[in-house]
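Pasting model12.cif here (mmCIF, C-alpha atoms):
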data_work
loop_
_atom_site.label_atom_id
_atom_site.label_comp_id
_atom_site.auth_asym_id
_atom_site.auth_seq_id
_atom_site.Cartn_x
_atom_site.Cartn_y
_atom_site.Cartn_z
CA MET N 15 0.00 0.00 0.00
CA HIS N 16 2.75 2.43 1.00
CA GLU N 17 4.70 1.59 -2.13
CA LYS N 18 1.69 2.20 -4.33
CA VAL N 19 1.21 5.65 -2.81
CA LEU N 20 4.91 6.45 -3.17
CA ASN N 21 4.77 5.36 -6.77
CA LEU N 22 1.75 7.58 -7.49
CA LEU N 23 3.54 10.56 -5.95
CA GLU N 24 6.94 9.95 -7.53
CA THR N 25 5.66 9.30 -11.04
CA GLY N 26 3.68 12.54 -10.84
CA LYS N 27 0.31 10.82 -11.22
CA VAL N 28 -0.82 12.67 -8.11
CA ASP N 29 0.46 15.79 -6.31
CA ILE N 30 -1.43 15.11 -3.08
CA PHE N 31 -2.54 11.77 -1.68
CA LEU N 32 -5.28 11.84 0.96
CA GLY N 33 -4.94 8.99 3.45
CA TYR N 34 -4.86 8.66 7.22
CA LYS N 35 -2.10 9.19 9.74
CA MET N 36 -1.87 9.16 13.54
CA MET N 37 -1.54 12.76 14.73
CA ALA N 38 -1.96 14.07 18.28
CA GLY N 39 -3.19 10.59 19.27
CA HIS N 40 -5.96 10.48 16.67
CA PRO N 41 -6.25 8.72 13.32
CA LEU N 42 -6.73 11.79 11.12
CA PRO N 43 -7.05 12.35 7.40
CA HIS N 44 -3.75 13.63 6.07
CA ALA N 45 -2.42 14.97 2.79
CA PHE N 46 0.77 13.13 1.80
CA GLY N 47 3.04 14.93 -0.63
CA ARG N 48 6.07 14.30 -2.81
CA HIS N 49 8.25 16.55 -0.66
CA ASN N 50 8.16 14.11 2.26
CA PRO N 51 8.37 10.51 0.95
CA VAL N 52 9.42 9.11 4.37
CA GLU N 53 6.11 10.21 5.85
CA VAL N 54 4.19 7.91 3.49
CA GLN N 55 5.37 4.95 5.62
CA GLU N 56 3.25 6.37 8.44
CA MET N 57 0.05 6.11 6.44
CA ILE N 58 -2.68 4.00 8.06
CA LEU N 59 -6.00 2.72 6.68
CA GLY N 60 -8.33 3.37 9.58
CA PRO N 61 -10.16 3.11 11.86
CA ALA N 62 -11.63 6.60 11.42
CA ARG N 63 -13.69 7.43 8.36
CA TYR N 64 -13.86 10.89 6.77
CA PRO N 65 -15.30 11.96 3.39
CA LEU N 66 -11.92 12.08 1.62
CA GLU N 67 -13.56 12.49 -1.80
CA LYS N 68 -15.40 15.57 -0.54
CA LEU N 69 -12.08 17.05 0.62
CA ALA N 70 -10.58 16.23 -2.78
CA VAL N 71 -13.41 18.00 -4.63
CA GLU N 72 -13.07 21.03 -2.36
CA ILE N 73 -9.33 21.23 -3.05
CA LEU N 74 -9.92 20.87 -6.80
CA ALA N 75 -12.52 23.67 -6.74
CA ALA N 76 -9.85 26.05 -5.40
CA ARG N 77 -6.82 24.52 -7.16
CA PRO N 78 -7.89 22.84 -10.43
CA ASP N 79 -4.21 22.48 -11.35
CA LEU N 80 -3.61 19.80 -8.71
CA LYS N 81 -3.83 16.04 -9.18
CA ILE N 82 -5.24 14.20 -6.18
CA GLY N 83 -5.30 10.60 -5.04
CA ILE N 84 -7.42 9.19 -2.23
CA LEU N 85 -7.59 6.09 -0.11
CA ALA N 86 -11.01 4.71 -1.03
CA ARG N 87 -13.32 2.42 0.82
CA ASP N 88 -16.41 1.20 -1.07
CA CYS N 89 -18.40 4.20 0.15
CA ASN N 90 -15.72 6.67 -1.02
CA ARG N 91 -15.78 5.03 -4.46
CA ARG N 92 -19.55 5.25 -4.73
CA ALA N 93 -19.48 8.89 -3.63
CA LEU N 94 -16.82 9.64 -6.24
CA ASN N 95 -19.04 8.05 -8.90
CA VAL N 96 -21.97 10.27 -7.87
CA LEU N 97 -19.73 13.35 -7.85
CA THR N 98 -18.51 12.44 -11.34
CA VAL N 99 -22.05 11.90 -12.61
CA HIS N 100 -22.98 15.32 -11.23
CA GLN N 101 -19.94 16.94 -12.89
CA GLN N 102 -18.24 18.00 -9.68
CA VAL N 103 -15.13 16.14 -10.76
CA ALA N 104 -13.97 14.92 -14.17
CA PRO N 105 -13.76 11.15 -14.73
CA GLY N 106 -10.33 9.96 -13.55
CA GLN N 107 -9.44 13.35 -12.07
CA VAL N 108 -9.18 11.76 -8.64
CA GLN N 109 -7.05 8.60 -8.44
CA VAL N 110 -8.29 5.94 -6.04
CA LEU N 111 -6.46 3.30 -4.07
CA GLU N 112 -8.94 0.71 -2.84
CA VAL N 113 -9.22 -0.53 0.72
CA SER N 114 -11.18 -3.61 1.71
CA CYS N 115 -14.13 -2.65 3.88
CA CYS N 116 -17.60 -3.56 5.07
CA PRO N 117 -17.27 -7.23 6.09
CA SER N 118 -19.59 -9.65 4.29
CA PRO N 119 -19.66 -13.44 3.75
CA LEU N 120 -17.60 -12.85 0.60
CA GLN N 121 -15.20 -10.44 2.22
CA ARG N 122 -14.08 -11.50 5.64
CA HIS N 123 -11.19 -9.10 6.09
CA ALA N 124 -12.18 -5.49 6.70
CA ASP N 125 -10.22 -2.34 7.42
CA CYS N 126 -13.45 -0.52 8.16
CA SER N 127 -16.40 -1.64 10.22
CA SER N 128 -18.09 1.72 10.65
CA LEU N 129 -21.44 0.44 9.41
CA GLU N 130 -21.77 -2.42 11.87
CA ALA N 131 -24.84 -2.39 14.11
CA LYS N 132 -24.59 -0.07 17.10
CA GLU N 133 -26.26 -0.37 20.49
CA PHE N 134 -28.97 2.11 21.41
CA GLY N 135 -30.84 2.74 24.64
CA ALA N 136 -34.24 1.28 25.57
CA GLY N 137 -36.00 4.64 25.05
CA LYS N 138 -35.32 4.53 21.34
CA LYS N 139 -36.83 1.05 21.08
CA GLU N 140 -39.95 2.06 22.99
CA ILE N 141 -40.93 5.36 21.38
CA GLY N 142 -38.33 6.00 18.70
CA ILE N 143 -36.74 4.06 15.88
CA ASP N 144 -33.81 1.70 16.30
CA ASN N 145 -31.19 2.85 13.81
CA ASN N 146 -30.37 -0.78 12.99
CA LEU N 147 -33.84 -1.54 11.55
CA THR N 148 -34.30 -2.24 7.85
CA PRO N 149 -36.90 -0.41 5.74
CA ASP N 150 -38.93 -3.66 5.49
CA ARG N 151 -39.18 -4.15 9.22
CA LEU N 152 -40.10 -0.51 9.68
CA GLU N 153 -42.89 -0.81 7.14
CA ALA N 154 -44.37 -3.78 8.95
CA MET N 155 -45.49 -1.32 11.65
CA GLU N 156 -48.91 0.35 11.73
CA PRO N 157 -48.73 3.66 9.80
CA THR N 158 -49.83 5.71 12.83
CA GLU N 159 -47.19 4.10 15.04
CA ARG N 160 -44.53 4.53 12.39
CA PHE N 161 -45.47 8.19 12.01
CA SER N 162 -45.32 8.89 15.73
CA ARG N 163 -41.95 7.14 16.00
CA TRP N 164 -40.50 9.14 13.10
CA MET N 165 -41.86 12.35 14.59
CA TYR N 166 -40.20 11.49 17.90
CA GLU N 167 -36.89 11.11 16.08
CA PHE N 168 -37.30 14.30 14.00
CA GLN N 169 -38.32 16.53 16.90
CA LYS N 170 -34.95 15.86 18.56
CA CYS N 171 -33.20 17.67 15.70
CA LEU N 172 -30.90 20.52 16.75
CA LYS N 173 -30.72 21.85 13.18
CA CYS N 174 -26.92 21.66 13.24
CA TYR N 175 -26.83 20.94 9.48
CA GLY N 176 -24.17 18.31 10.29
CA CYS N 177 -25.89 15.72 8.06
CA ARG N 178 -25.55 18.06 5.09
CA ASP N 179 -22.11 19.37 5.97
CA ILE N 180 -20.50 15.92 6.30
CA CYS N 181 -22.36 14.47 3.28
CA PRO N 182 -19.92 13.62 0.47
CA VAL N 183 -22.57 14.12 -2.20
CA CYS N 184 -23.95 17.45 -0.89
CA PHE N 185 -22.29 19.96 -3.17
CA CYS N 186 -25.03 22.40 -4.26
CA ARG N 187 -24.07 26.07 -4.12
CA GLU N 188 -27.59 26.92 -3.05
CA CYS N 189 -29.02 24.53 -0.50
CA SER N 190 -32.79 24.14 -0.11
CA LEU N 191 -32.26 23.72 3.62
CA GLU N 192 -31.12 27.36 3.70
CA HIS N 193 -33.74 28.69 1.29
CA GLU N 194 -35.87 31.32 3.02
CA ASP N 195 -39.04 30.40 1.16
CA LEU N 196 -38.73 26.72 2.01
CA ILE N 197 -37.23 26.62 5.50
CA GLY N 198 -36.83 29.47 7.96
CA THR N 199 -33.13 29.92 8.61
CA GLY N 200 -32.17 30.83 12.14
CA ASP N 201 -35.45 29.51 13.58
CA LEU N 202 -35.47 26.81 16.23
CA PRO N 203 -36.86 24.19 16.58
CA PRO N 204 -36.74 23.21 12.90
CA GLU N 205 -40.01 22.59 11.11
CA VAL N 206 -40.60 18.86 11.44
CA PRO N 207 -40.92 16.76 9.43
CA ILE N 208 -40.43 19.18 6.49
CA PHE N 209 -36.74 19.88 7.20
CA HIS N 210 -35.86 16.18 7.13
CA LEU N 211 -38.16 15.26 4.27
CA VAL N 212 -36.75 18.02 2.06
CA ARG N 213 -33.32 16.57 2.61
CA ALA N 214 -34.61 13.02 2.10
CA VAL N 215 -36.15 13.92 -1.27
CA HIS N 216 -32.88 15.49 -2.37
CA MET N 217 -31.04 12.29 -1.48
CA ALA N 218 -32.95 10.34 -4.14
CA GLY N 219 -30.46 9.10 -6.71
CA ARG N 220 -27.64 10.71 -4.76
CA CYS N 221 -27.27 9.01 -1.36
CA ILE N 222 -24.59 6.33 -1.47
CA ASP N 223 -25.48 4.89 1.95
CA CYS N 224 -22.17 5.68 3.63
CA GLY N 225 -23.84 6.51 6.95
CA LEU N 226 -21.64 9.53 7.68
CA CYS N 227 -24.77 11.66 8.29
CA GLU N 228 -25.93 9.30 11.00
CA ASP N 229 -22.42 9.27 12.52
CA ALA N 230 -22.46 13.07 12.63
CA CYS N 231 -25.98 13.40 14.06
CA PRO N 232 -25.76 14.55 17.69
CA VAL N 233 -29.22 13.10 18.46
CA ASP N 234 -29.00 9.76 16.60
CA ILE N 235 -31.80 10.31 14.08
CA PRO N 236 -31.86 7.18 11.86
CA LEU N 237 -31.03 9.18 8.73
CA ARG N 238 -29.39 6.31 6.91
CA LEU N 239 -32.58 4.28 7.23
CA LEU N 240 -34.64 7.17 5.87
CA TYR N 241 -32.42 7.65 2.83
CA ARG N 242 -32.21 3.89 2.25
CA LYS N 243 -35.98 3.86 1.86
CA VAL N 244 -35.80 6.81 -0.56
CA ASN N 245 -33.19 5.06 -2.66
CA GLU N 246 -35.08 1.77 -2.58
CA LEU N 247 -37.86 3.66 -4.36
CA VAL N 248 -35.36 4.97 -6.91
CA ALA N 249 -34.09 1.43 -7.49
CA ASP N 250 -37.61 -0.07 -7.75
CA LEU N 251 -39.21 2.61 -9.90
CA PHE N 252 -36.32 3.58 -12.15
CA ASP N 253 -34.01 0.57 -11.87
CA TYR N 254 -31.17 2.92 -10.93
CA LYS N 255 -28.51 1.87 -8.40
CA THR N 256 -26.95 5.03 -7.02
CA GLY N 257 -23.19 5.27 -7.05
CA LEU N 258 -22.53 1.87 -8.62
CA SER N 259 -21.89 3.22 -12.10
CA LEU N 260 -21.26 6.42 -14.02
CA GLU N 261 -24.70 6.16 -15.58
CA GLN N 262 -26.87 9.29 -15.45
CA PRO N 263 -29.58 9.14 -12.78
CA PRO N 264 -33.27 9.24 -13.78
CA PHE N 265 -33.51 12.84 -12.59
CA SER N 266 -31.13 14.21 -15.23
CA LEU N 267 -33.82 16.60 -16.42
CA LEU N 268 -33.32 18.64 -13.27
CA PHE N 269 -29.59 18.88 -13.71
CA ASP N 270 -29.40 22.19 -15.52
CA LYS N 271 -30.53 23.90 -12.36
CA THR N 272 -28.95 21.82 -9.63
CA ALA N 273 -25.54 20.79 -10.87
CA GLN N 274 -22.89 23.24 -11.81
CA PRO N 275 -19.35 22.18 -12.59
CA ALA N 276 -16.72 22.51 -9.84
CA ALA N 277 -18.91 23.92 -7.09
CA ALA N 278 -17.21 26.00 -4.44
CA PRO N 279 -17.59 24.48 -0.98
CA HIS N 280 -20.73 25.77 0.72
CA GLY N 281 -20.77 26.98 4.31
CA ALA N 282 -19.08 23.79 5.54
CA MET P 23 -0.19 23.00 0.43
CA TYR P 24 -3.15 21.17 2.01
CA LYS P 25 -3.28 20.38 5.71
CA LEU P 26 -5.82 19.05 8.18
CA VAL P 27 -5.18 20.54 11.59
CA PRO P 28 -6.73 19.09 14.78
CA SER P 29 -7.87 21.64 17.33
CA VAL P 30 -10.44 22.31 20.05
CA CYS P 31 -13.57 24.36 19.41
CA SER P 32 -13.18 27.84 20.85
CA TYR P 33 -16.89 28.62 21.31
CA CYS P 34 -18.02 27.09 24.61
CA GLY P 35 -16.44 25.23 27.49
CA THR P 36 -17.42 21.74 26.26
CA GLY P 37 -14.19 21.38 24.34
CA CYS P 38 -15.25 19.48 21.21
CA GLY P 39 -12.50 18.24 18.93
CA VAL P 40 -12.46 19.85 15.49
CA LEU P 41 -10.39 19.43 12.37
CA PHE P 42 -9.57 22.48 10.25
CA LYS P 43 -9.21 22.17 6.50
CA VAL P 44 -6.36 24.47 5.42
CA LEU P 45 -5.42 25.08 1.78
CA ASP P 46 -2.42 27.30 1.00
CA GLY P 47 -2.55 28.84 4.48
CA LYS P 48 -6.26 29.73 4.27
CA LEU P 49 -8.94 28.11 6.41
CA LEU P 50 -11.45 26.36 4.11
CA GLY P 51 -13.70 24.67 6.62
CA THR P 52 -14.26 22.71 9.82
CA LEU P 53 -14.95 19.01 10.38
CA PRO P 54 -15.78 17.22 13.62
CA LEU P 55 -12.91 15.14 15.00
CA LYS P 56 -14.43 11.68 14.78
CA THR P 57 -12.32 9.96 17.42
CA HIS P 58 -12.41 12.78 19.98
CA PRO P 59 -13.69 11.50 23.36
CA VAL P 60 -15.79 14.62 24.01
CA ASN P 61 -17.87 14.96 20.85
CA GLU P 62 -17.31 11.59 19.11
CA GLY P 63 -17.60 13.03 15.61
CA LYS P 64 -20.52 15.34 16.29
CA LEU P 65 -20.70 19.15 16.39
CA CYS P 66 -23.30 21.86 16.91
CA ILE P 67 -24.02 24.44 14.22
CA LYS P 68 -21.52 26.89 15.73
CA GLY P 69 -18.74 24.32 15.75
CA TRP P 70 -19.43 23.35 12.14
CA ASN P 71 -18.94 27.00 11.15
CA LEU P 72 -15.97 27.72 13.38
CA HIS P 73 -13.79 28.80 10.45
CA GLU P 74 -16.14 31.64 9.56
CA PHE P 75 -15.12 34.05 12.30
CA VAL P 76 -11.45 33.46 11.61
CA ASN P 77 -11.94 34.63 8.02
CA SER P 78 -14.43 37.38 8.90
CA PRO P 79 -13.47 40.90 7.77
CA LEU P 80 -15.14 42.18 10.95
CA ARG P 81 -12.75 40.27 13.22
CA LEU P 82 -10.73 42.45 15.62
CA LYS P 83 -7.03 41.71 15.31
CA ALA P 84 -5.61 44.47 17.54
CA PRO P 85 -6.82 46.22 20.72
CA LEU P 86 -8.75 49.45 20.18
CA ILE P 87 -8.94 52.51 22.47
CA ARG P 88 -11.55 55.24 22.00
CA ILE P 89 -9.62 58.47 21.49
CA ASN P 90 -11.66 61.65 20.94
CA GLY P 91 -14.75 59.55 20.25
CA ARG P 92 -13.16 57.30 17.63
CA PHE P 93 -11.60 53.87 17.98
CA ALA P 94 -7.87 53.75 17.29
CA LYS P 95 -5.59 50.70 16.99
CA VAL P 96 -3.01 50.56 19.80
CA THR P 97 -0.38 48.11 21.03
CA TRP P 98 -1.22 45.52 23.69
CA ASP P 99 1.16 47.24 26.12
CA ARG P 100 -0.65 50.49 25.75
CA ALA P 101 -4.10 48.89 25.98
CA ILE P 102 -3.21 47.03 29.17
CA ARG P 103 -1.59 50.09 30.76
CA TYR P 104 -4.62 52.21 29.86
CA THR P 105 -7.03 49.63 31.34
CA ALA P 106 -4.97 49.32 34.54
CA GLU P 107 -4.94 53.10 35.00
CA LYS P 108 -8.70 53.36 34.53
CA PHE P 109 -9.28 50.47 36.95
CA ARG P 110 -7.08 52.13 39.56
CA GLU P 111 -8.92 55.42 39.08
CA VAL P 112 -12.35 53.82 39.55
CA MET P 113 -11.21 51.74 42.55
CA SER P 114 -9.58 54.69 44.33
CA GLN P 115 -12.81 56.68 44.02
CA HIS P 116 -15.43 53.96 44.65
CA GLY P 117 -13.61 51.07 46.35
CA PRO P 118 -12.71 47.54 45.13
CA ASP P 119 -16.34 46.37 44.86
CA SER P 120 -16.90 48.87 42.06
CA VAL P 121 -15.18 46.48 39.61
CA GLY P 122 -15.84 42.87 38.63
CA PHE P 123 -14.05 40.01 36.85
CA LEU P 124 -15.48 37.72 34.19
CA ALA P 125 -13.51 34.50 33.74
CA SER P 126 -13.67 32.43 30.57
CA ALA P 127 -14.66 28.95 29.40
CA LYS P 128 -11.94 29.07 26.81
CA ILE P 129 -8.92 29.27 29.10
CA THR P 130 -7.41 26.66 31.41
CA ASN P 131 -8.51 25.88 34.98
CA GLU P 132 -5.21 27.31 36.15
CA ASP P 133 -5.83 30.60 34.36
CA ASN P 134 -9.34 30.74 35.82
CA TYR P 135 -7.89 30.11 39.29
CA LEU P 136 -5.46 32.98 38.76
CA ILE P 137 -8.28 35.34 37.77
CA GLN P 138 -10.28 34.73 40.96
CA LYS P 139 -7.09 34.89 43.04
CA PHE P 140 -6.21 38.21 41.45
CA ALA P 141 -9.74 39.53 42.08
CA ARG P 142 -9.85 38.44 45.71
CA ALA P 143 -6.25 38.80 46.91
CA VAL P 144 -4.96 41.72 44.83
CA VAL P 145 -8.04 43.82 44.08
CA GLY P 146 -10.08 42.78 47.11
CA THR P 147 -13.50 41.97 45.63
CA ASN P 148 -15.68 38.88 45.40
CA ASN P 149 -17.21 40.10 42.13
CA VAL P 150 -16.06 37.10 40.09
CA ASP P 151 -18.25 35.36 37.53
CA HIS P 152 -17.97 33.18 34.48
CA CYS P 153 -18.78 33.80 30.84
CA ALA P 154 -21.08 30.77 30.75
CA ARG P 155 -23.57 32.75 32.90
CA LEU P 156 -23.59 35.84 30.72
#
Translate the structure of the given file into structure tokens.
Amino acid sequence: MHEKVLNLLETGKVDIFLGYKMMAGHPLPHAFGRHNPVEVQEMILGPARYPLEKLAVEILAARPDLKIGILARDCNRRALNVLTVHQQVAPGQVQVLEVSCCPSPLQRHADCSSLEAKEFGAGKKEIGIDNNLTPDRLEAMEPTERFSRWMYEFQKCLKCYGCRDICPVCFCRECSLEHEDLIGTGDLPPEVPIFHLVRAVHMAGRCIDCGLCEDACPVDIPLRLLYRKVNELVADLFDYKTGLSLEQPPFSLLFDKTAQPAAAPHGA
Amino acid sequence: MYKLVPSVCSYCGTGCGVLFKVLDGKLLGTLPLKTHPVNEGKLCIKGWNLHEFVNSPLRLKAPLIRINGRFAKVTWDRAIRYTAEKFREVMSQHGPDSVGFLASAKITNEDNYLIQKFARAVVGTNNVDHCARL
């Protein structure tokens, strides 16, 4: 792995390689460069998980002259595909070095286990929604019960915008969640469930199920579950699997207005 | 060229871990530090936008003293001397309880200890409070 990175840097295929390194006692994302080849030996694969492709796109927006490589788990790869489809990055502009992740029967070894089931308190099971549920099991509930459980989850929202800010595929210059006519900015509590449903709708054909939004949520709203349901609809109705290919999504008609090449990073 | 710099949020006393995105010496954005024991990868809206005040054109970068009704930039030495003189003037006229001390969530326990010690032992007042109660 270290040799591959060194090779990318030395042959000039990339100017910066985004990987991880232990710094100040934490596994942190780090930009490795050609000027310090010894440092590459200190690169690690985990265990922390950051949206490296989002960082790469942000760097390229400010410095289009640079060539960037990233350490890519499956979720990073899918996100990069979505970003390419939405013209935020040119095909092949970001080099990837794959890491094995997400354990499955076919793939026993994993450098990343961020999406494994997490334990939640009894309160969530009684009146809220267990983040480990699947859309099917959630739909087996009575609609009124399901609604009240979702509302319990949504009303906890602190409106920190963390879900949007960490999201690797949130790149719009103008965000609906900050649009005065749609959602009052600066007002607390947020309008539930509109705030969350607006975001959910915008995740259709975009969410790559990386779970970073749920990781960043200070109140454990099961966001990944919500967006999984949205993308199940996209898969069922349009036969489109988000992030698995460079194929245009079924919502291409909307693109003229939403996607602009090389977006500058928004507030995040 | 591009750096990610770990730090601690400077807004409140919680002390969440943050990670600054720095490109060519300019702060691009803030991320939560995912392995930090305090915030475990989560931030509030202020923390997420921590970089904004650093880049703000309204940010004060030098002490200001009002001279003839207008604010003028002065050196720290002059600002501190000026403040000390004014404090002394007020205290000599109205006694030590005419002034108060506000400690900060953003400094160390030791610094906070020093502030209350200074207020009580040097100035002679119990008017000590903390910015978290403002």
Expected selection from the PyMOL selection byres ((chain N) within 10 of (chain P)), given as an MDAnalysis selection string = chainID N and resid 29:30 32 37:47 61:65 69 72:73 76:77 172:177 179:180 226:233 279:282
Env of Ala214 (chain N): 9 Å cut, atoms = all atoms listed in the file, seq-sep filter 6 positions within chain, self excluded. Answer as number ranges by chain. N: 237, 240-241, 244
Item to complete: Using the chain letters and numbering of this document, enumerate as a PyMOL selection string the residues selected by the PyMOL selection byres ((chain P and resi 147) around 12).
Response: chain P and resi 113+117-123+137-146+148-151
Applied to the shown file, which residues does the PyMOL selection byres ((chain N and resi 247-258) around 7) return, written as a PyMOL selection string?
chain N and resi 92-93+95-96+218-222+243-246+259+263-264
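With all atoms listed in the file taken into account, the protein and nucleic acid residues at most 12 Å from Glu153 (chain N) (excluding it and anything under 4 positions from it in its own chain) are Ile143, Leu147, Thr148, Pro149, Pro157, Thr158, Glu159, Arg160, Phe161, Arg163, Trp164, Leu239, Leu240 and Lys243 of chain N.
Between CA of Arg178 (chain N) and CA of Leu59 (chain N) there is a distance of 24.9 Å.
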Correct to one decimal, the distance CA of His100 (chain N)-CA of Gln262 (chain N) is 8.3 Å
One decimal, Å: what's the distance from CA of Glu188 (chain N) over to CA of Pro236 (chain N), could you say?
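Those two atoms sit 25.1 Å apart.
With all atoms listed in the file as the atoms that count, the minimum distance from Asn21 (chain N) to the choices N:Val108, N:Val54, N:Ile141, N:Leu66 is reached by N:Val54.
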Would you mind putting N, CA and C atoms back on region 56-75 of chain P and writing the result as a short mmCIF file (atom, residue, chain, number, x, y, z; two decimals), in the coordinates of the input?
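Output below, filename result25.cif:
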data_model
loop_
_atom_site.label_atom_id
_atom_site.label_comp_id
_atom_site.auth_asym_id
_atom_site.auth_seq_id
_atom_site.Cartn_x
_atom_site.Cartn_y
_atom_site.Cartn_z
N LYS P 56 -13.58 12.84 14.56
CA LYS P 56 -14.43 11.68 14.78
C LYS P 56 -14.03 10.81 15.95
N THR P 57 -12.76 10.84 16.32
CA THR P 57 -12.32 9.96 17.42
C THR P 57 -12.15 10.74 18.72
N HIS P 58 -12.59 11.99 18.76
CA HIS P 58 -12.41 12.78 19.98
C HIS P 58 -13.35 12.28 21.08
N PRO P 59 -12.83 12.07 22.31
CA PRO P 59 -13.69 11.50 23.36
C PRO P 59 -14.84 12.41 23.78
N VAL P 60 -14.73 13.71 23.57
CA VAL P 60 -15.79 14.62 24.01
C VAL P 60 -16.98 14.61 23.05
N ASN P 61 -16.74 14.81 21.77
CA ASN P 61 -17.87 14.96 20.85
C ASN P 61 -18.08 13.76 19.93
N GLU P 62 -17.16 12.81 19.89
CA GLU P 62 -17.31 11.59 19.11
C GLU P 62 -17.84 11.83 17.69
N GLY P 63 -17.24 12.80 17.03
CA GLY P 63 -17.60 13.03 15.61
C GLY P 63 -18.84 13.86 15.39
N LYS P 64 -19.34 14.49 16.45
CA LYS P 64 -20.52 15.34 16.29
C LYS P 64 -20.18 16.78 16.66
N LEU P 65 -20.91 17.74 16.07
CA LEU P 65 -20.70 19.15 16.39
C LEU P 65 -22.04 19.88 16.37
N CYS P 66 -22.11 21.02 17.04
CA CYS P 66 -23.30 21.86 16.91
C CYS P 66 -23.09 22.79 15.72
N ILE P 67 -24.11 23.60 15.43
CA ILE P 67 -24.02 24.44 14.22
C ILE P 67 -22.89 25.46 14.35
N LYS P 68 -22.60 25.92 15.58
CA LYS P 68 -21.52 26.89 15.73
C LYS P 68 -20.17 26.25 15.46
N GLY P 69 -19.99 25.04 15.98
CA GLY P 69 -18.74 24.32 15.75
C GLY P 69 -18.50 24.04 14.28
N TRP P 70 -19.56 23.65 13.57
CA TRP P 70 -19.43 23.35 12.14
C TRP P 70 -18.97 24.57 11.35
N ASN P 71 -19.28 25.77 11.87
CA ASN P 71 -18.94 27.00 11.15
C ASN P 71 -17.85 27.81 11.83
N LEU P 72 -17.03 27.10 12.59
CA LEU P 72 -15.97 27.72 13.38
C LEU P 72 -15.00 28.54 12.54
N HIS P 73 -14.76 28.10 11.30
CA HIS P 73 -13.79 28.80 10.45
C HIS P 73 -14.28 30.18 10.02
N GLU P 74 -15.61 30.41 10.14
CA GLU P 74 -16.14 31.64 9.56
C GLU P 74 -15.66 32.90 10.28
N PHE P 75 -15.54 32.82 11.62
CA PHE P 75 -15.12 34.05 12.30
C PHE P 75 -13.63 34.33 12.10
#
